[in-house]
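Peer 1: Sharing final25.cif (mmCIF, C-alpha atoms) below.
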data_structure
loop_
_atom_site.label_atom_id
_atom_site.label_comp_id
_atom_site.auth_asym_id
_atom_site.auth_seq_id
_atom_site.Cartn_x
_atom_site.Cartn_y
_atom_site.Cartn_z
CA MET X 1 137.98 121.76 122.74
CA ASN X 2 136.27 118.37 122.63
CA GLY X 3 137.79 114.90 122.44
CA ASN X 4 137.93 114.87 118.66
CA GLY X 5 140.20 117.91 118.45
CA VAL X 6 137.56 120.39 117.17
CA SER X 7 136.35 123.30 119.30
CA GLN X 8 133.17 125.32 119.03
CA GLU X 9 135.33 128.32 118.17
CA GLN X 10 136.92 126.46 115.24
CA VAL X 11 133.50 125.47 113.96
CA LEU X 12 132.36 129.09 114.09
CA GLU X 13 135.56 130.35 112.46
CA SER X 14 134.96 127.95 109.58
CA GLY X 15 131.65 129.70 108.92
CA LEU X 16 129.82 126.58 110.14
CA ALA X 17 131.11 124.61 107.19
CA TYR X 18 129.06 121.43 106.84
CA PHE X 19 131.81 118.89 107.48
CA ASP X 20 133.50 120.93 110.21
CA LEU X 21 130.16 121.01 111.98
CA GLN X 22 129.71 117.26 111.57
CA ALA X 23 133.23 116.66 112.87
CA TYR X 24 132.45 118.66 116.01
CA ILE X 25 129.16 116.87 116.63
CA GLY X 26 130.73 113.50 115.83
CA THR X 27 128.47 112.21 113.09
CA THR X 28 128.42 111.37 109.42
CA LYS X 29 125.26 110.35 107.62
CA HIS X 30 123.81 109.38 104.27
CA MET X 31 120.37 108.83 102.85
CA GLY X 32 118.90 105.37 103.37
CA GLY X 33 120.69 104.76 106.66
CA LEU X 34 122.07 101.37 107.60
CA ALA X 35 119.58 99.63 105.31
CA ALA X 36 121.20 101.33 102.31
CA THR X 37 124.67 100.35 103.52
CA ARG X 38 123.64 96.71 103.66
CA GLU X 39 122.21 96.91 100.15
CA LEU X 40 125.37 98.55 98.84
CA VAL X 41 127.44 95.75 100.39
CA ALA X 42 125.29 93.18 98.58
CA LEU X 43 125.47 94.98 95.23
CA CYS X 44 129.26 95.17 95.51
CA ASP X 45 129.53 91.46 96.45
CA ILE X 46 131.55 92.34 99.55
CA ASP X 47 132.46 89.42 101.82
CA GLN X 48 135.02 88.50 104.46
CA HIS X 49 137.71 87.78 101.87
CA ASN X 50 137.69 91.34 100.53
CA LEU X 51 139.85 94.40 101.07
CA VAL X 52 137.56 97.44 100.88
CA LEU X 53 138.31 101.15 100.56
CA ASP X 54 135.76 103.57 102.03
CA LEU X 55 136.11 107.07 100.58
CA GLY X 56 135.13 109.87 102.95
CA SER X 57 134.83 107.47 105.87
CA GLY X 58 134.02 110.26 108.33
CA VAL X 59 133.82 109.11 111.95
CA GLY X 60 134.31 105.49 110.87
CA ALA X 61 130.81 104.11 111.38
CA THR X 62 130.62 102.17 108.12
CA PRO X 63 134.16 100.69 108.15
CA CYS X 64 133.69 99.52 111.73
CA TYR X 65 130.29 98.09 110.87
CA LEU X 66 131.75 96.18 107.89
CA ALA X 67 134.59 94.80 109.99
CA ARG X 68 132.30 93.82 112.86
CA SER X 69 129.44 92.35 110.81
CA TYR X 70 131.21 90.87 107.78
CA GLY X 71 134.79 90.33 108.91
CA VAL X 72 135.95 92.58 106.09
CA ARG X 73 139.31 94.35 106.04
CA VAL X 74 138.67 98.06 105.43
CA VAL X 75 140.78 101.12 104.78
CA GLY X 76 138.92 104.38 105.40
CA VAL X 77 140.16 107.71 104.08
CA ASP X 78 138.92 111.19 104.87
CA ILE X 79 140.32 114.63 104.13
CA HIS X 80 139.33 115.90 107.59
CA ALA X 81 141.90 115.07 110.29
CA ALA X 82 139.35 115.35 113.11
CA MET X 83 137.13 112.77 111.41
CA VAL X 84 140.06 110.37 111.08
CA ALA X 85 140.95 110.80 114.76
CA GLN X 86 137.38 109.93 115.77
CA ALA X 87 137.31 106.95 113.40
CA ARG X 88 140.49 105.52 114.92
CA GLU X 89 139.03 105.90 118.39
CA ARG X 90 135.83 104.18 117.27
CA ALA X 91 137.79 101.23 115.87
CA ARG X 92 139.62 100.92 119.19
CA ARG X 93 136.37 101.03 121.20
CA GLU X 94 134.70 98.46 118.97
CA GLY X 95 137.67 96.10 119.00
CA VAL X 96 138.21 96.03 115.22
CA GLU X 97 141.62 97.69 115.03
CA ASP X 98 143.07 94.56 113.44
CA LEU X 99 140.66 94.86 110.50
CA VAL X 100 140.30 98.62 110.04
CA GLU X 101 142.81 101.32 109.13
CA PHE X 102 142.13 105.04 108.73
CA ARG X 103 144.20 107.59 106.81
CA ILE X 104 144.01 111.27 105.95
CA ALA X 105 143.73 111.42 102.17
CA ASP X 106 142.00 113.23 99.33
CA ALA X 107 139.65 111.06 97.25
CA ARG X 108 140.83 112.95 94.16
CA ASP X 109 144.43 111.81 94.68
CA LEU X 110 144.50 108.48 96.50
CA PRO X 111 147.85 107.33 97.98
CA PHE X 112 147.42 103.71 96.85
CA GLU X 113 148.80 101.55 94.09
CA ASP X 114 146.71 100.45 91.14
CA SER X 115 144.29 97.51 91.47
CA LEU X 116 144.74 97.15 95.25
CA PHE X 117 141.16 96.89 96.51
CA ASP X 118 138.40 94.38 95.84
CA ALA X 119 135.78 97.10 96.28
CA VAL X 120 135.71 100.88 96.67
CA ILE X 121 132.64 102.49 98.24
CA ALA X 122 131.46 105.93 99.30
CA GLU X 123 128.29 107.11 101.02
CA SER X 124 127.16 110.70 100.44
CA VAL X 125 130.68 111.88 99.68
CA VAL X 126 131.21 112.35 95.95
CA SER X 127 128.19 114.67 95.67
CA PHE X 128 130.12 117.21 97.76
CA VAL X 129 133.22 117.18 95.52
CA ASP X 130 133.58 119.60 92.61
CA ASP X 131 135.66 117.25 90.42
CA LYS X 132 133.46 114.18 90.71
CA GLN X 133 134.89 112.55 87.57
CA ARG X 134 138.37 112.65 89.07
CA VAL X 135 137.12 110.81 92.18
CA LEU X 136 135.52 108.11 90.03
CA GLN X 137 138.70 107.71 88.00
CA GLU X 138 140.78 107.33 91.14
CA ALA X 139 138.29 104.84 92.59
CA ALA X 140 138.45 102.77 89.40
CA ARG X 141 142.24 102.97 89.31
CA VAL X 142 142.72 101.43 92.75
CA THR X 143 140.07 98.73 92.20
CA ALA X 144 141.23 95.28 91.12
CA PRO X 145 139.97 93.85 87.80
CA GLY X 146 136.56 92.28 88.42
CA GLY X 147 136.07 94.38 91.55
CA SER X 148 133.28 96.83 92.30
CA VAL X 149 133.00 100.57 92.69
CA GLY X 150 129.81 101.49 94.55
CA PHE X 151 128.34 104.74 95.81
CA ASN X 152 125.28 105.86 97.72
CA GLU X 153 124.78 109.44 96.58
CA GLU X 154 122.07 112.08 96.48
CA VAL X 155 120.32 112.40 93.10
CA TRP X 156 117.65 114.52 91.52
CA LEU X 157 114.83 112.11 90.71
CA LYS X 158 113.47 114.64 88.22
CA THR X 159 114.59 118.06 87.05
CA PRO X 160 114.39 120.34 90.11
CA ARG X 161 113.08 123.86 90.16
CA ARG X 162 115.67 126.52 90.91
CA GLY X 163 114.66 127.08 94.52
CA LEU X 164 115.34 123.44 95.41
CA VAL X 165 118.84 123.54 93.94
CA GLU X 166 119.61 126.62 95.98
CA PHE X 167 118.22 125.08 99.18
CA ALA X 168 120.34 121.91 98.77
CA ARG X 169 123.41 124.06 98.23
CA LEU X 170 122.65 126.21 101.29
CA ALA X 171 121.54 123.47 103.68
CA TRP X 172 124.06 120.76 102.87
CA SER X 173 126.63 122.29 100.48
CA VAL X 174 125.70 119.51 98.08
CA GLU X 175 125.41 119.45 94.28
CA PRO X 176 123.31 116.38 93.39
CA LEU X 177 123.41 114.94 89.87
CA SER X 178 120.79 113.09 87.87
CA PRO X 179 120.93 109.26 87.61
CA THR X 180 121.88 109.62 83.94
CA GLU X 181 124.83 111.88 84.79
CA TRP X 182 126.07 109.35 87.36
CA ALA X 183 125.85 106.50 84.85
CA GLU X 184 127.76 108.50 82.25
CA MET X 185 130.51 109.37 84.73
CA MET X 186 130.88 105.76 85.87
CA GLU X 187 131.25 104.62 82.28
CA GLY X 188 133.63 107.51 81.65
CA ALA X 189 135.84 106.11 84.42
CA GLY X 190 136.05 102.82 82.52
CA LEU X 191 133.52 100.89 84.62
CA ARG X 192 131.10 98.42 83.08
CA ASP X 193 127.76 96.82 83.98
CA VAL X 194 126.74 100.07 85.65
CA VAL X 195 123.60 99.96 87.80
CA VAL X 196 121.90 103.10 89.11
CA ASP X 197 119.18 102.06 91.57
CA ARG X 198 117.15 105.17 92.38
CA ARG X 199 115.41 105.49 95.75
CA THR X 200 112.96 107.93 97.29
CA VAL X 201 113.44 109.09 100.87
CA SER X 202 111.69 106.84 103.39
CA THR X 203 111.21 107.78 107.03
CA TRP X 204 111.74 104.26 108.36
CA ARG X 205 114.91 103.79 106.31
CA GLU X 206 116.30 107.11 107.51
CA ALA X 207 115.60 106.00 111.08
CA THR X 208 118.09 103.15 110.60
CA GLN X 209 120.83 105.80 110.73
CA ILE X 210 120.91 105.41 114.50
CA LYS X 211 121.73 101.71 114.25
CA ARG X 212 125.18 102.67 112.99
CA TYR X 213 125.95 104.22 116.39
CA HIS X 214 126.03 103.14 120.02
CA LEU X 215 123.98 104.83 122.73
CA ARG X 216 127.10 106.60 123.97
CA ASP X 217 127.61 108.12 120.51
CA LEU X 218 124.02 109.29 120.28
CA VAL X 219 124.11 110.93 123.71
CA ARG X 220 127.34 112.74 122.82
CA MET X 221 125.93 113.94 119.49
CA GLY X 222 122.78 115.24 121.16
CA TRP X 223 124.71 117.02 123.90
CA ARG X 224 127.14 118.71 121.50
CA THR X 225 124.32 119.85 119.23
CA LEU X 226 122.32 121.22 122.16
CA SER X 227 125.39 122.91 123.65
CA LEU X 228 126.18 124.60 120.35
CA TYR X 229 122.58 125.73 119.98
CA LEU X 230 122.33 127.15 123.50
CA ARG X 231 125.72 128.87 123.53
CA GLN X 232 126.15 130.16 119.99
CA PRO X 233 123.73 132.65 118.37
CA THR X 234 125.49 132.03 115.05
CA PHE X 235 124.49 128.37 115.16
CA ARG X 236 120.89 129.26 116.05
CA LYS X 237 120.80 131.51 112.97
CA TYR X 238 122.35 128.70 110.89
CA MET X 239 119.63 126.29 112.01
CA ALA X 240 116.84 128.80 111.48
CA GLU X 241 117.94 129.35 107.88
CA ARG X 242 117.59 125.61 107.25
CA ARG X 243 114.43 125.01 109.25
CA ASP X 244 111.94 125.63 106.47
CA VAL X 245 112.56 122.68 104.19
CA PRO X 246 110.58 123.12 100.93
CA ARG X 247 107.51 120.90 101.16
CA ASP X 248 108.16 119.37 97.75
CA LEU X 249 111.91 118.84 98.19
CA PHE X 250 111.74 115.06 98.47
CA ASP X 251 109.45 114.82 95.47
CA TYR X 252 112.58 115.77 93.56
CA LEU X 253 115.52 114.78 95.76
CA GLY X 254 116.35 111.17 96.54
CA TYR X 255 119.39 108.95 96.44
CA ALA X 256 120.78 106.15 94.35
CA LEU X 257 122.95 103.10 94.81
CA ILE X 258 125.40 103.38 91.92
CA VAL X 259 127.60 100.37 91.18
CA GLY X 260 129.97 99.44 88.36
CA ARG X 261 132.50 96.69 87.71
CA LYS X 262 136.08 97.16 86.63
#
For the file at hand, write its structure as structure tokens.
Peer 2:
Amino acid sequence: MNGNGVSQEQVLESGLAYFDLQAYIGTTKHMGGLAATRELVALCDIDQHNLVLDLGSGVGATPCYLARSYGVRVVGVDIHAAMVAQARERARREGVEDLVEFRIADARDLPFEDSLFDAVIAESVVSFVDDKQRVLQEAARVTAPGGSVGFNEEVWLKTPRRGLVEFARLAWSVEPLSPTEWAEMMEGAGLRDVVVDRRTVSTWREATQIKRYHLRDLVRMGWRTLSLYLRQPTFRKYMAERRDVPRDLFDYLGYALIVGRK
């Protein structure tokens, strides 16, 4: 058992489910790294006067970053109890407990009153949910009039061939949509002035992922990943199955900053 309440045995029993594995390692990530987070903040007009909801907040990297860098009050929700436990510990370590709160909650059924938040954001979360429209409707419901709903989500930049769809499903358990589908769903949730800013994957932008974490976090992530690899043949098989990324994958797969106003 590690400090976040998830053991290697539990990870293996889950069938190496993507988010159980991330909870054990202690990481959450999204395309575009910290650079994309900053751009999403700007598109959503988030400032120190706002109350922000982060859906699928994972280990709390983005909420703590917002609190530390912008003085924003943030509520983070995640369906995974181990993620929430790590996020609370992160907020304590970073000294932002007075600005950040974390709860266990399902993005499809948020435990908040209508029109409570100035902005609702998510980063590489909604793409993993089957009922995406329900998440968007809930996000819009809890957003105040004039507020923003903004996502950073994986998208197909052009119609993918079948093998790429299957690889994305195997490697990351993700079901990306097209930019047009995202725009239609945002409008279907009653949002207006919808912007879908498509992006291709950039190596330097992805490298900004590490800026969301401290050295201590990175060392812990590396050690847990290595330990799992050395000790568990099942994990080695899991990694081997995902090693051969199709060479043309990122010709088709990218991400988008998707923002609408209530």
Peer 1: Which one of X:Thr200, X:Arg90, X:Leu249, X:Asn50 sits closest to Arg216 (chain X) if you count only C-alpha atoms?
Peer 2: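 Answer, going by the shortest atom-to-atom distance: X:Arg90.
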Peer 1: Would you mind telling me which residue in X:Asp45, X:Glu175, X:Glu101, X:Glu94 lies nearest to Ala119 (chain X) when using only C-alpha atoms?
Peer 2: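 Nearest candidate to Ala119 (chain X) out of X:Asp45, X:Glu175, X:Glu101, X:Glu94: X:Asp45.
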Peer 1: Rank nothing, just name the residue among X:Leu157, X:Val52, X:Val84, X:Leu170 nearest to Phe117 (chain X), using only C-alpha atoms.
Peer 2: X:Val52
Peer 1: Around all listed atoms of region 170-174 of chain X, padded 8 Å per side, what centre and edge lengths does the axis-aligned box have in Å to one decimal, as JSON?
Peer 2:
{"center_x": 124.1, "center_y": 122.9, "center_z": 100.9, "size_x": 21.1, "size_y": 22.7, "size_z": 21.6}
Peer 1: Give me, as a Markdown table, each residue of region 65-107 of chain X that comes within 10 Å of region 121-145 of chain X, together with its shortest interatomic pair and the distance in Å at one decimal, counting all atoms listed in the file, with rows ordered by chain and rising residue number.
Peer 2:
| residue | atom | partner | partner_atom | distance |
| --- | --- | --- | --- | --- |
| X:Gly76 | CA | X:Ile121 | CA | 9.7 |
| X:Asp78 | CA | X:Val125 | CA | 9.8 |
| X:Asp106 | CA | X:Val135 | CA | 9.0 |
| X:Ala107 | CA | X:Val135 | CA | 5.7 |
Peer 1: When distances are computed from all atoms listed in the file, which of X:Glu97, X:Leu40, X:Lys262, X:Asp217 shows the smallest separation from Gly150 (chain X)?
Peer 2: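 That would be X:Leu40, the residue with the smallest distance to Gly150 (chain X).
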Peer 1: Taking the file as shown, what set of residues would the PyMOL selection byres ((chain X and resi 236-247) around 10) give back, as a PyMOL selection string?
Peer 2: chain X and resi 15-16+163-164+167-168+170-172+228-235+248-251
Peer 1: Work out how far apart CA of Glu166 (chain X) and CA of Met31 (chain X) are and give it in Å to one decimal.
Peer 2: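 Atom-to-atom, CA of Glu166 (chain X) and CA of Met31 (chain X) are spaced 19.1 Å apart.
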Peer 1: Identify all residues satisfying the PyMOL selection byres ((chain X and resi 148) around 7) in the given file; provide them as an MDAnalysis selection string.
Peer 2: chainID X and resid 44 118:120 146:147 149:150 259:262
Peer 1: With C-alpha atoms kept, could you save the residues just selected as an mmCIF file, keeping the file's coordinate frame?
Peer 2:
data_model
loop_
_atom_site.group_PDB
_atom_site.id
_atom_site.type_symbol
_atom_site.label_atom_id
_atom_site.label_comp_id
_atom_site.auth_asym_id
_atom_site.auth_seq_id
_atom_site.Cartn_x
_atom_site.Cartn_y
_atom_site.Cartn_z
ATOM 1 C CA CYS X 44 129.260 95.170 95.510
ATOM 2 C CA ASP X 118 138.400 94.380 95.840
ATOM 3 C CA ALA X 119 135.780 97.100 96.280
ATOM 4 C CA VAL X 120 135.710 100.880 96.670
ATOM 5 C CA GLY X 146 136.560 92.280 88.420
ATOM 6 C CA GLY X 147 136.070 94.380 91.550
ATOM 7 C CA VAL X 149 133.000 100.570 92.690
ATOM 8 C CA GLY X 150 129.810 101.490 94.550
ATOM 9 C CA VAL X 259 127.600 100.370 91.180
ATOM 10 C CA GLY X 260 129.970 99.440 88.360
ATOM 11 C CA ARG X 261 132.500 96.690 87.710
ATOM 12 C CA LYS X 262 136.080 97.160 86.630
#
Peer 1: Expand the PyMOL selection byres ((chain X and resi 77) around 8) into the individual residues it matches in the shown file, reporting them as a list in words.
Peer 2: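 Those residues are Leu53, Asp54, Leu55, Gly56, Ser57, Gly58, Val75, Gly76, Asp78, Ile79, Val84, Phe102, Arg103, Ile104, Ala105, Asp106 and Ala107 of chain X.
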Peer 1: How many Å separate CA of His80 (chain X) from CA of Glu184 (chain X)?
Peer 2: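 Separation between CA of His80 (chain X) and CA of Glu184 (chain X): 28.8 Å.
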Peer 1: For a test of reading the model, state the distance in Å between CA of His49 (chain X) and CA of Arg73 (chain X), rounded to one decimal.
Peer 2: 7.9 Å
Peer 1: I'd like to know which of X:Leu257, X:Met83, X:Val96, X:Val59 is closest to Arg38 (chain X), using only C-alpha atoms.
Peer 2: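 Going through X:Leu257, X:Met83, X:Val96, X:Val59 one by one, the smallest distance to Arg38 (chain X) is for X:Leu257.
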Peer 1: May I ask which of the residues X:Leu218, X:Trp156, X:Trp223, X:Asp114 is the closest one to Thr180 (chain X), counting only C-alpha atoms?
Peer 2: X:Trp156
Peer 1: Generate the coordinates of N, CA and C atoms for region 130-154 of chain X; report them as a tab-separated table (two decimals), in the frame of the given file.
Peer 2:
chain	number	residue	atom	x	y	z
X	130	ASP	N	133.74	118.91	93.89
X	130	ASP	CA	133.58	119.60	92.61
X	130	ASP	C	133.97	118.70	91.44
X	131	ASP	N	135.16	118.08	91.52
X	131	ASP	CA	135.66	117.25	90.42
X	131	ASP	C	135.26	115.80	90.66
X	132	LYS	N	133.98	115.51	90.45
X	132	LYS	CA	133.46	114.18	90.71
X	132	LYS	C	134.09	113.14	89.77
X	133	GLN	N	134.31	113.51	88.52
X	133	GLN	CA	134.89	112.55	87.57
X	133	GLN	C	136.26	112.10	88.01
X	134	ARG	N	137.04	113.01	88.58
X	134	ARG	CA	138.37	112.65	89.07
X	134	ARG	C	138.28	111.62	90.20
X	135	VAL	N	137.30	111.78	91.09
X	135	VAL	CA	137.12	110.81	92.18
X	135	VAL	C	136.79	109.44	91.61
X	136	LEU	N	135.90	109.39	90.63
X	136	LEU	CA	135.52	108.11	90.03
X	136	LEU	C	136.71	107.46	89.33
X	137	GLN	N	137.53	108.25	88.67
X	137	GLN	CA	138.70	107.71	88.00
X	137	GLN	C	139.70	107.13	88.99
X	138	GLU	N	139.88	107.83	90.10
X	138	GLU	CA	140.78	107.33	91.14
X	138	GLU	C	140.22	106.05	91.77
X	139	ALA	N	138.91	106.04	92.02
X	139	ALA	CA	138.29	104.84	92.59
X	139	ALA	C	138.48	103.64	91.66
X	140	ALA	N	138.28	103.86	90.37
X	140	ALA	CA	138.45	102.77	89.40
X	140	ALA	C	139.92	102.34	89.33
X	141	ARG	N	140.81	103.29	89.41
X	141	ARG	CA	142.24	102.97	89.31
X	141	ARG	C	142.70	102.01	90.40
X	142	VAL	N	142.23	102.24	91.63
X	142	VAL	CA	142.72	101.43	92.75
X	142	VAL	C	141.90	100.15	92.96
X	143	THR	N	140.89	99.93	92.11
X	143	THR	CA	140.07	98.73	92.20
X	143	THR	C	140.65	97.63	91.34
X	144	ALA	N	140.69	96.42	91.86
X	144	ALA	CA	141.23	95.28	91.12
X	144	ALA	C	140.29	94.89	89.98
X	145	PRO	N	140.83	94.33	88.89
X	145	PRO	CA	139.97	93.85	87.80
X	145	PRO	C	138.91	92.88	88.34
X	146	GLY	N	137.67	93.09	87.93
X	146	GLY	CA	136.56	92.28	88.42
X	146	GLY	C	135.95	92.81	89.69
X	147	GLY	N	136.59	93.80	90.32
X	147	GLY	CA	136.07	94.38	91.55
X	147	GLY	C	134.98	95.40	91.30
X	148	SER	N	134.42	95.92	92.38
X	148	SER	CA	133.28	96.83	92.30
X	148	SER	C	133.61	98.22	92.82
X	149	VAL	N	133.01	99.21	92.19
X	149	VAL	CA	133.00	100.57	92.69
X	149	VAL	C	131.55	100.91	92.96
X	150	GLY	N	131.21	101.25	94.21
X	150	GLY	CA	129.81	101.49	94.55
X	150	GLY	C	129.62	102.71	95.42
X	151	PHE	N	128.63	103.52	95.06
X	151	PHE	CA	128.34	104.74	95.81
X	151	PHE	C	126.87	104.79	96.21
X	152	ASN	N	126.63	105.43	97.34
X	152	ASN	CA	125.28	105.86	97.72
X	152	ASN	C	125.32	107.38	97.72
X	153	GLU	N	124.68	107.99	96.73
X	153	GLU	CA	124.78	109.44	96.58
X	153	GLU	C	123.41	110.07	96.34
X	154	GLU	N	123.29	111.32	96.73
X	154	GLU	CA	122.07	112.08	96.48
X	154	GLU	C	121.87	112.26	94.97
